[in-house]
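Containing compact mmCIF, C-alpha atoms: coords_34.txt.
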# COMPACT_ATOMS: atom_id res chain seq x y z
CA MET Q 153 0.00 0.00 0.00
CA ARG Q 154 1.48 3.37 -1.04
CA PRO Q 155 1.80 5.86 1.83
CA CYS Q 156 -0.28 9.02 1.54
CA LYS Q 157 1.61 12.27 0.99
CA ARG Q 158 -1.30 14.54 1.86
CA TYR Q 159 -1.65 13.76 5.58
CA THR Q 160 1.12 12.95 8.06
CA GLN Q 161 0.84 10.06 10.52
CA GLU Q 162 0.97 12.57 13.39
CA PHE Q 163 -2.13 14.23 11.92
CA ILE Q 164 -3.85 10.82 11.80
CA SER Q 165 -2.81 10.23 15.42
CA ARG Q 166 -4.47 13.53 16.37
CA PHE Q 167 -7.55 12.55 14.34
CA VAL Q 168 -7.86 9.28 16.28
CA ASP Q 169 -7.71 11.27 19.53
CA ASP Q 170 -10.29 13.77 18.25
CA GLU Q 171 -7.79 16.60 18.65
CA ILE Q 172 -8.38 18.33 15.30
CA SER Q 173 -10.96 20.92 14.30
CA ARG Q 174 -14.42 19.83 13.19
CA ALA Q 175 -13.75 21.04 9.63
CA ASP Q 176 -10.47 19.10 9.40
CA HIS Q 177 -12.19 16.06 10.88
CA GLU Q 178 -14.92 16.04 8.23
CA LYS Q 179 -12.40 16.68 5.45
CA PHE Q 180 -10.23 13.78 6.60
CA VAL Q 181 -13.21 11.41 6.89
CA ARG Q 182 -14.06 12.20 3.24
CA HIS Q 183 -10.40 11.72 2.29
CA MET Q 184 -10.25 8.27 3.94
CA ALA Q 185 -13.05 7.02 1.68
CA ASP Q 186 -10.65 7.34 -1.27
CA CYS Q 187 -7.35 6.67 0.55
CA PRO Q 188 -6.92 3.11 1.85
CA ALA Q 189 -3.46 3.97 3.29
CA CYS Q 190 -4.84 6.65 5.63
CA ALA Q 191 -7.88 4.51 6.53
CA HIS Q 192 -5.57 1.59 7.37
CA THR Q 193 -3.29 3.77 9.52
CA ALA Q 194 -6.25 5.22 11.43
CA GLU Q 195 -7.68 1.74 11.96
CA ARG Q 196 -4.36 0.41 13.30
CA PHE Q 197 -3.91 3.41 15.63
CA LYS Q 198 -7.40 2.80 17.04
CA TYR Q 199 -6.71 -0.91 17.45
CA ILE Q 200 -3.58 -0.20 19.52
CA SER Q 201 -5.55 1.83 22.06
CA GLN Q 202 -8.48 -0.61 22.23
CA GLY Q 203 -6.28 -3.72 22.47
CA PHE Q 204 -4.11 -2.23 25.21
CA GLY Q 205 -7.22 -1.10 27.09
CA HIS Q 206 -8.69 -4.63 26.98
CA HIS Q 207 -5.40 -6.12 28.16
CA ILE Q 208 -5.24 -3.77 31.16
CA ASP Q 209 -8.91 -4.40 32.03
CA ASP Q 210 -8.17 -8.16 32.18
CA GLN Q 211 -4.99 -7.70 34.18
CA ILE Q 212 -6.34 -5.50 36.95
CA LEU Q 213 -9.04 -8.09 37.75
CA ASN Q 214 -6.25 -10.11 39.37
CA ILE Q 215 -5.04 -7.30 41.62
CA LYS Q 216 -6.52 -7.14 45.10
CA LEU Q 217 -5.65 -4.20 47.31
CA GLN Q 218 -4.83 -4.76 50.97
CA LEU Q 219 -5.14 -1.57 52.91
CA PRO Q 220 -4.39 -1.15 56.62
CA PRO Q 221 -7.24 -2.50 58.80
CA ALA Q 222 -7.28 0.46 61.19
CA PRO Q 223 -9.06 3.63 60.09
CA LEU Q 224 -6.64 6.06 58.54
CA LYS Q 225 -6.61 9.51 60.01
CA PRO Q 226 -5.79 12.62 58.02
CA GLU Q 227 -2.76 14.49 59.28
CA GLN Q 228 -3.30 17.82 61.01
CA GLY Q 229 -1.28 20.69 59.57
CA TRP Q 230 1.12 22.66 61.72
CA LYS Q 231 -0.26 25.84 63.13
CA ILE Q 232 2.15 28.66 63.82
CA GLY Q 233 1.47 30.15 67.22
CA ASN Q 234 0.78 26.87 68.99
CA LYS Q 235 2.93 25.93 71.92
CA GLY Q 236 5.93 23.84 70.93
CA LEU Q 237 6.97 26.10 68.06
CA GLY Q 238 10.55 26.06 69.36
CA LEU Q 239 10.53 22.27 69.27
CA LYS Q 240 9.26 22.27 65.68
CA LEU Q 241 11.97 24.71 64.63
CA ALA Q 242 14.58 22.55 66.36
CA THR Q 243 13.24 19.51 64.45
CA LEU Q 244 13.45 21.40 61.17
CA GLY Q 245 17.00 22.51 61.98
CA THR Q 246 18.07 18.94 62.78
CA ALA Q 247 16.51 17.67 59.56
CA ALA Q 248 18.38 20.35 57.58
CA ILE Q 249 21.71 19.35 59.19
CA ILE Q 250 21.12 15.65 58.44
CA LEU Q 251 20.15 16.47 54.84
CA ALA Q 252 23.23 18.64 54.36
CA ALA Q 253 25.48 15.93 55.82
CA ALA Q 254 23.92 13.36 53.48
CA LEU Q 255 24.35 15.53 50.39
CA VAL Q 256 27.92 16.75 50.99
CA PRO Q 257 30.41 14.04 49.96
CA TRP Q 258 32.81 12.89 52.67
CA PRO Q 259 36.54 13.25 51.89
CA GLY Q 260 37.83 10.10 50.25
CA SER Q 261 34.39 8.59 49.76
CA LYS Q 262 33.76 6.55 46.62
CA LYS Q 263 30.79 6.95 44.30
CA ALA Q 264 27.91 4.84 45.65
CA GLU Q 265 27.42 1.50 43.95
CA PRO Q 266 24.46 -0.84 44.22
CA SER Q 267 24.62 -2.70 47.53
CA ALA Q 268 22.73 -5.70 46.24
CA ILE Q 269 21.38 -7.39 43.16
CA VAL Q 270 17.72 -8.22 43.52
CA ASN Q 271 15.80 -10.60 41.31
CA SER Q 272 12.16 -11.34 41.87
CA VAL Q 273 9.54 -13.59 40.34
CA ASP Q 274 5.82 -13.06 40.89
CA THR Q 275 2.93 -15.39 40.37
CA TYR Q 276 -0.66 -14.70 41.32
CA GLY Q 277 -0.39 -16.68 44.56
CA SER Q 278 3.24 -16.30 45.60
CA SER Q 279 6.50 -14.50 44.97
CA VAL Q 280 10.21 -15.26 45.29
CA ILE Q 281 12.87 -12.61 45.83
CA ILE Q 282 16.59 -13.46 45.52
CA ILE Q 283 19.00 -10.89 46.95
CA ASP Q 284 22.77 -11.11 46.32
CA THR Q 285 24.86 -8.72 48.40
CA LEU Q 286 27.95 -7.60 46.51
CA GLU Q 287 30.29 -6.80 49.40
CA THR Q 288 29.65 -9.73 51.74
CA GLN Q 289 28.63 -12.12 48.95
CA HIS Q 290 25.54 -13.41 50.69
CA THR Q 291 22.52 -14.80 48.90
CA ILE Q 292 19.12 -14.42 50.52
CA ILE Q 293 16.13 -16.24 49.04
CA TRP Q 294 12.76 -15.02 50.23
CA PHE Q 295 9.54 -16.87 49.42
CA SER Q 296 6.16 -15.49 50.32
CA GLU Q 297 2.55 -16.37 49.63
CA THR Q 298 0.49 -13.35 48.70
CA MET K 25 -10.90 -1.58 55.17
CA ALA K 26 -8.68 -4.60 54.69
CA ASP K 27 -10.66 -6.22 51.89
CA THR K 28 -11.67 -3.51 49.49
CA GLN K 29 -12.28 -5.35 46.23
CA ASN K 30 -15.81 -4.60 44.99
CA GLU K 31 -17.06 -3.92 48.52
CA CYS K 32 -18.05 -0.54 49.90
CA LEU K 33 -18.92 -0.11 53.52
CA GLN K 34 -22.14 1.74 54.11
CA PRO K 35 -21.98 4.70 56.42
CA PRO K 36 -23.61 4.55 59.83
CA SER K 37 -27.06 6.12 59.63
CA ARG K 38 -26.22 8.79 62.19
CA THR K 39 -23.63 10.37 59.90
CA GLY K 40 -26.20 11.86 57.57
CA SER K 41 -26.63 11.30 53.85
CA PRO K 42 -25.22 7.97 52.59
CA PRO K 43 -22.51 7.87 49.92
CA SER K 44 -23.86 6.79 46.57
CA ALA K 45 -22.42 6.29 43.09
CA GLY K 46 -23.03 9.96 42.45
CA LEU K 47 -21.57 11.13 45.77
CA ASP K 48 -20.60 14.76 45.61
CA GLU K 49 -16.82 15.01 45.40
CA GLN K 50 -16.58 17.99 47.72
CA ASP K 51 -18.68 16.18 50.29
CA LEU K 52 -16.40 13.15 50.05
CA VAL K 53 -13.33 15.34 50.54
CA ARG K 54 -14.90 17.04 53.54
CA ARG K 55 -15.74 13.68 55.13
CA LEU K 56 -12.22 12.40 54.42
CA GLN K 57 -10.84 15.46 56.17
CA LEU K 58 -12.99 14.55 59.18
CA GLY K 59 -11.42 11.08 59.13
CA GLN K 60 -14.67 9.14 58.55
CA GLU K 61 -13.87 5.49 57.82
CA TRP K 62 -16.61 4.87 55.29
CA ALA K 63 -15.44 7.93 53.33
CA CYS K 64 -12.03 6.20 53.02
CA ASN K 65 -13.76 3.06 51.75
CA THR K 66 -15.85 5.05 49.31
CA LEU K 67 -12.71 6.74 48.00
CA VAL K 68 -11.05 3.36 47.43
CA CYS K 69 -14.16 1.88 45.78
CA GLN K 70 -14.57 4.82 43.45
CA TYR K 71 -10.96 5.20 42.36
CA GLN K 72 -9.17 1.86 42.73
CA ASP K 73 -9.83 0.61 39.18
CA ARG K 74 -8.81 3.90 37.59
CA LEU K 75 -5.60 4.13 39.61
CA LEU K 76 -4.75 0.45 39.12
CA LYS K 77 -5.09 0.89 35.36
CA ILE K 78 -2.65 3.81 35.39
CA ALA K 79 -0.18 2.04 37.68
CA TYR K 80 -0.35 -1.26 35.80
CA GLY K 81 -0.17 0.56 32.45
CA ILE K 82 3.10 2.22 33.49
CA THR K 83 4.74 -0.60 35.46
CA LEU K 84 3.14 -3.59 33.66
CA ASP K 85 3.59 -5.50 36.91
CA HIS K 86 0.84 -6.77 39.22
CA GLU K 87 2.74 -6.58 42.49
CA GLU K 88 4.28 -3.17 41.85
CA SER K 89 1.00 -1.61 40.76
CA ARG K 90 -0.83 -3.08 43.76
CA GLU K 91 1.73 -1.66 46.20
CA ILE K 92 1.84 1.70 44.45
CA VAL K 93 -1.95 2.13 44.53
CA GLN K 94 -2.11 1.05 48.19
CA ASP K 95 0.55 3.66 49.02
CA VAL K 96 -1.31 6.27 46.98
CA PHE K 97 -4.52 5.72 48.94
CA VAL K 98 -2.75 5.80 52.30
CA SER K 99 -0.87 8.91 51.27
CA ALA K 100 -3.99 10.61 49.85
CA ILE K 101 -6.09 9.92 52.94
CA THR K 102 -3.46 11.09 55.39
CA ARG K 103 -2.63 14.19 53.30
CA ILE K 104 -6.14 15.10 52.21
CA SER K 105 -5.75 18.50 53.89
CA ARG K 106 -3.22 19.42 51.18
CA LEU K 107 -5.85 19.13 48.43
CA ARG K 108 -6.72 22.64 47.30
CA GLU K 109 -10.42 23.47 47.21
CA SER K 110 -10.37 24.26 43.50
CA ALA K 111 -8.53 21.06 42.54
CA SER K 112 -10.35 17.92 41.43
CA LEU K 113 -9.87 14.87 43.63
CA GLY K 114 -9.55 12.60 40.59
CA SER K 115 -6.80 14.72 38.98
CA TRP K 116 -4.97 14.96 42.31
CA LEU K 117 -5.03 11.17 42.78
CA ARG K 118 -3.98 10.64 39.16
CA LYS K 119 -1.02 12.98 39.59
CA ILE K 120 0.09 11.25 42.80
CA THR K 121 -0.17 7.86 41.10
CA VAL K 122 1.88 8.88 38.05
CA ASN K 123 4.57 10.41 40.27
CA ALA K 124 4.57 7.34 42.52
CA CYS K 125 5.05 5.04 39.51
CA LEU K 126 7.97 7.10 38.20
CA ASN K 127 9.57 7.50 41.64
CA TRP K 128 9.18 3.80 42.36
CA LYS K 129 11.29 2.90 39.34
CA ARG K 130 13.90 5.57 40.05
CA LYS K 131 14.21 4.53 43.70
CA TRP K 132 14.89 0.90 42.92
CA LYS K 133 17.20 1.67 40.01
CA ARG K 134 19.34 3.84 42.28
CA ARG K 135 19.59 1.33 45.09
CA PHE K 136 19.75 -2.04 43.38
CA LYS K 137 20.52 -3.65 40.10
CA TRP K 138 16.97 -4.86 39.66
CA GLY K 139 15.72 -7.79 37.61
CA HIS K 140 12.06 -8.72 37.79
CA THR K 141 10.15 -11.49 36.02
CA PRO K 142 6.40 -11.12 36.41
CA LEU K 143 4.64 -14.34 35.45
CA GLU K 144 1.33 -14.04 33.66
CA PRO K 145 -1.82 -14.82 35.62
CA ASP K 146 -3.90 -17.79 34.64
CA THR K 147 -4.57 -16.97 30.99
CA GLU K 148 -6.46 -20.21 30.36
CA PHE K 149 -8.93 -19.32 33.10
CA MET K 150 -9.55 -15.91 31.56
CA VAL K 151 -9.98 -17.45 28.10
CA TYR K 152 -12.54 -19.90 29.55
CA HIS K 153 -14.26 -17.05 31.40
CA LYS K 154 -14.62 -15.02 28.20
CA ALA K 155 -15.63 -18.11 26.21
CA CYS K 156 -18.58 -18.47 28.54
CA GLN K 157 -19.68 -15.02 27.43
CA GLY K 158 -20.29 -16.13 23.83
CA GLU K 159 -16.87 -16.01 22.10
CA THR K 160 -15.11 -19.13 20.85
CA PRO K 161 -12.03 -20.07 22.89
CA GLU K 162 -9.86 -20.09 19.73
CA SER K 163 -10.75 -16.57 18.65
CA ARG K 164 -10.43 -15.33 22.21
CA LEU K 165 -7.02 -16.97 22.62
CA ARG K 166 -5.81 -15.38 19.37
CA GLU K 167 -7.11 -12.03 20.54
CA LYS K 168 -5.38 -12.48 23.92
CA GLU K 169 -2.09 -13.28 22.21
CA GLN K 170 -2.34 -10.11 20.12
CA GLU K 171 -3.14 -8.05 23.21
CA LYS K 172 -0.22 -9.61 25.07
CA ALA K 173 2.15 -8.76 22.20
CA LEU K 174 0.75 -5.25 22.27
CA ALA K 175 1.40 -4.92 26.01
CA THR K 176 4.96 -6.18 25.50
CA ALA K 177 5.47 -3.53 22.82
CA VAL K 178 4.09 -0.86 25.17
CA GLY K 179 6.51 -2.11 27.84
CA ARG K 180 9.43 -1.41 25.49
CA LEU K 181 8.45 2.25 25.01
CA PRO K 182 10.66 4.83 26.70
CA GLU K 183 9.14 5.84 30.05
CA LYS K 184 8.24 9.44 29.04
CA ILE K 185 6.38 8.25 25.95
CA ARG K 186 4.66 5.38 27.78
CA VAL K 187 3.24 7.63 30.49
CA VAL K 188 1.62 9.90 27.88
CA PHE K 189 0.26 6.87 26.01
CA VAL K 190 -1.19 5.37 29.22
CA LEU K 191 -2.91 8.60 30.26
CA ASN K 192 -4.43 8.99 26.79
CA THR K 193 -5.46 5.37 26.32
CA LEU K 194 -6.56 4.31 29.79
CA GLU K 195 -7.77 7.59 31.28
CA GLY K 196 -9.04 9.04 27.99
CA LEU K 197 -7.43 12.39 28.78
CA SER K 198 -7.28 15.16 26.19
CA TYR K 199 -3.90 16.57 25.12
CA LYS K 200 -4.59 19.62 27.30
CA GLN K 201 -5.29 17.49 30.39
CA ILE K 202 -2.16 15.39 29.82
CA SER K 203 -0.04 18.51 29.36
CA HIS K 204 -1.45 19.86 32.63
CA THR K 205 -0.87 16.58 34.51
CA LEU K 206 2.72 16.13 33.36
CA GLY K 207 3.71 19.79 33.01
CA ILE K 208 4.63 19.52 29.32
CA LYS K 209 3.44 21.34 26.17
CA GLU K 210 0.46 20.10 24.15
CA GLY K 211 2.69 19.81 21.08
CA THR K 212 4.96 17.48 23.05
CA VAL K 213 1.96 15.37 24.03
CA SER K 214 0.93 15.12 20.37
CA SER K 215 4.39 14.10 19.17
CA ARG K 216 4.88 11.60 22.01
CA LEU K 217 1.54 9.95 21.25
CA TYR K 218 2.37 9.70 17.58
CA ARG K 219 5.80 8.27 18.39
CA ALA K 220 4.24 5.77 20.82
CA ARG K 221 1.86 4.48 18.14
CA LYS K 222 4.57 4.36 15.49
CA MET K 223 7.01 2.52 17.79
CA ILE K 224 4.34 0.02 18.88
CA LEU K 225 3.40 -0.77 15.27
CA ASP K 226 7.08 -1.11 14.28
CA ASP K 227 7.65 -3.40 17.28
CA LEU K 228 4.64 -5.58 16.41
CA ALA K 229 5.71 -5.79 12.77
CA THR K 230 9.23 -6.88 13.82
CA ASN K 231 8.42 -9.27 16.65
CA THR K 232 5.07 -10.82 15.69
CA ASP K 233 3.11 -11.80 12.60
CA TYR K 234 0.72 -8.93 13.37
CA SER K 235 1.53 -7.16 10.09
CA LYS K 236 0.28 -10.16 8.13
CA GLY K 237 -3.11 -10.30 9.79
CA SER K 238 -5.99 -7.93 10.23
CA PRO K 239 -5.77 -5.78 13.35
CA ALA K 240 -9.50 -5.79 13.93

Re-express the file's structure as structure tokens.
Amino acid sequence: MRPCKRYTQEFISRFVDDEISRADHEKFVRHMADCPACAHTAERFKYISQGFGHHIDDQILNIKLQLPPAPLKPEQGWKIGNKGLGLKLATLGTAAIILAAALVPWPGSKKAEPSAIVNSVDTYGSSVIIIDTLETQHTIIWFSET
Amino acid sequence: MADTQNECLQPPSRTGSPPSAGLDEQDLVRRLQLGQEWACNTLVCQYQDRLLKIAYGITLDHEESREIVQDVFVSAITRISRLRESASLGSWLRKITVNACLNWKRKWKRRFKWGHTPLEPDTEFMVYHKACQGETPESRLREKEQEKALATAVGRLPEKIRVVFVLNTLEGLSYKQISHTLGIKEGTVSSRLYRARKMILDDLATNTDYSKGSPA
């Protein structure tokens, strides 16, 4: 099938998403009646979205959420003027010092490398995680039923 | 709140009007801010499928998407006071989910050399399930194989392009909404979507016999 030189594939992509003007939309619909290349491209672009949507719909049926059993409480924002402001400022100051210490490289320190290699395999009912530590050369195999 | 799949707790009668499918969003937010348990359950019931689709679309992994969405709900409920009055709850949750998916990958990449092999769920069961709904098992299996190849091709897209594709395909967002969610220009959204579709078709043509058959 010879590609069409009148409309780009990006235009057809926008057409599929209904992101072109009404006039352009009607013009392109008329064009597709005489241009099998454009009609085929539009059809394939639509198929990609529909097929992927169906796949995801099927997949999420197998996912069950497990949220904490206790009722979750929304956090209460800090209110300036409450007692304990000094304590909050001290906490902020400590956090800033820790952050600065973490960000500034220590003299003679090497660039951080991964501390472990982790491989995991999931099935619907169980999962296996294999952790290899690089420095101490330990292998940890962790099996769990989900 | 432990088992949330397809189950919504009803509110105690003394709390006033019950939550329904058309529960007012502002009312839900207000009740979440008060810490009402059934409001938390209603939030999960209303949004879990949407958020799971986004998370699974980006990660293509059952376990990761489950954990991400659980974290998103916990985070959203505890930080509900940060939601601005003018902002939509759905857009806020969507934004948190997308960021959580991207941060999840970055976090693990930084810390570990990570290899993960998700095994497919019971495909035969799903084929049988669909066959009971009037399709032949053969045609359904062929369709499933095409969809699986499609998902594999989506999984090979660069992350930035995949996120745009997922928001457009699974959430049905306009270019303007995607540009607002991700903080990019509408022209960038358009070109990324076109590139996503082009790359997926090229991938399918290279790795499957898709190009020989009809896509419909």

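The smallest atom-to-atom distance between Arg164 in chain K and any of Q:His290, Q:His206, Q:Lys240, Q:Lys157, using all atoms listed in the file, is found for Q:His206.
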
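Closest to chain K among Q:Ile164, Q:Ile282, Q:Leu219, Q:Leu239 is Q:Leu219, based on only C-alpha atoms.
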
Distance criterion (all atoms listed in the file): nearest to chain K out of Q:His207, Q:Lys198, Q:Arg158, Q:Lys179: Q:His207

Contacts of Cys190 in chain Q at 8 Å or less, counting all atoms listed in the file, minus same-chain residues fewer than 3 places along, as a PDB file with C-alpha atoms, in the coordinates of the input?
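Output (around_20.pdb):
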ATOM      1  CA  PRO Q 155       1.800   5.860   1.830  1.00  0.00           C
ATOM      2  CA  CYS Q 156      -0.280   9.020   1.540  1.00  0.00           C
ATOM      3  CA  TYR Q 159      -1.650  13.760   5.580  1.00  0.00           C
ATOM      4  CA  ILE Q 164      -3.850  10.820  11.800  1.00  0.00           C
ATOM      5  CA  MET Q 184     -10.250   8.270   3.940  1.00  0.00           C
ATOM      6  CA  CYS Q 187      -7.350   6.670   0.550  1.00  0.00           C
ATOM      7  CA  THR Q 193      -3.290   3.770   9.520  1.00  0.00           C
ATOM      8  CA  ALA Q 194      -6.250   5.220  11.430  1.00  0.00           C
TER       9      ALA Q 194
END

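Nearest to chain Q of all the residues K:Ile92, K:Leu194, K:Ala177, K:Val187 is K:Leu194, based on only C-alpha atoms.
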
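Taking CA of Leu117 in chain K and CA of Val188 in chain K as the two end points, the separation is 16.4 Å.
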
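Distances to chain K were evaluated for Q:Ile250, Q:Ile212, Q:Val168, Q:Ile292 using only C-alpha atoms, and the minimum falls at Q:Ile212.
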
Between CA of Leu75 in chain K and CA of Gly196 in chain K, distance in Å (one decimal): 13.1 Å

Spatial neighbours of Ser165 in chain Q, max dist 12 Å, only C-alpha atoms, sep filter under 4 positions, as a count of residues only: 32

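If you look at CA of Phe163 in chain Q and CA of Val190 in chain K, they are 19.5 Å away from each other.
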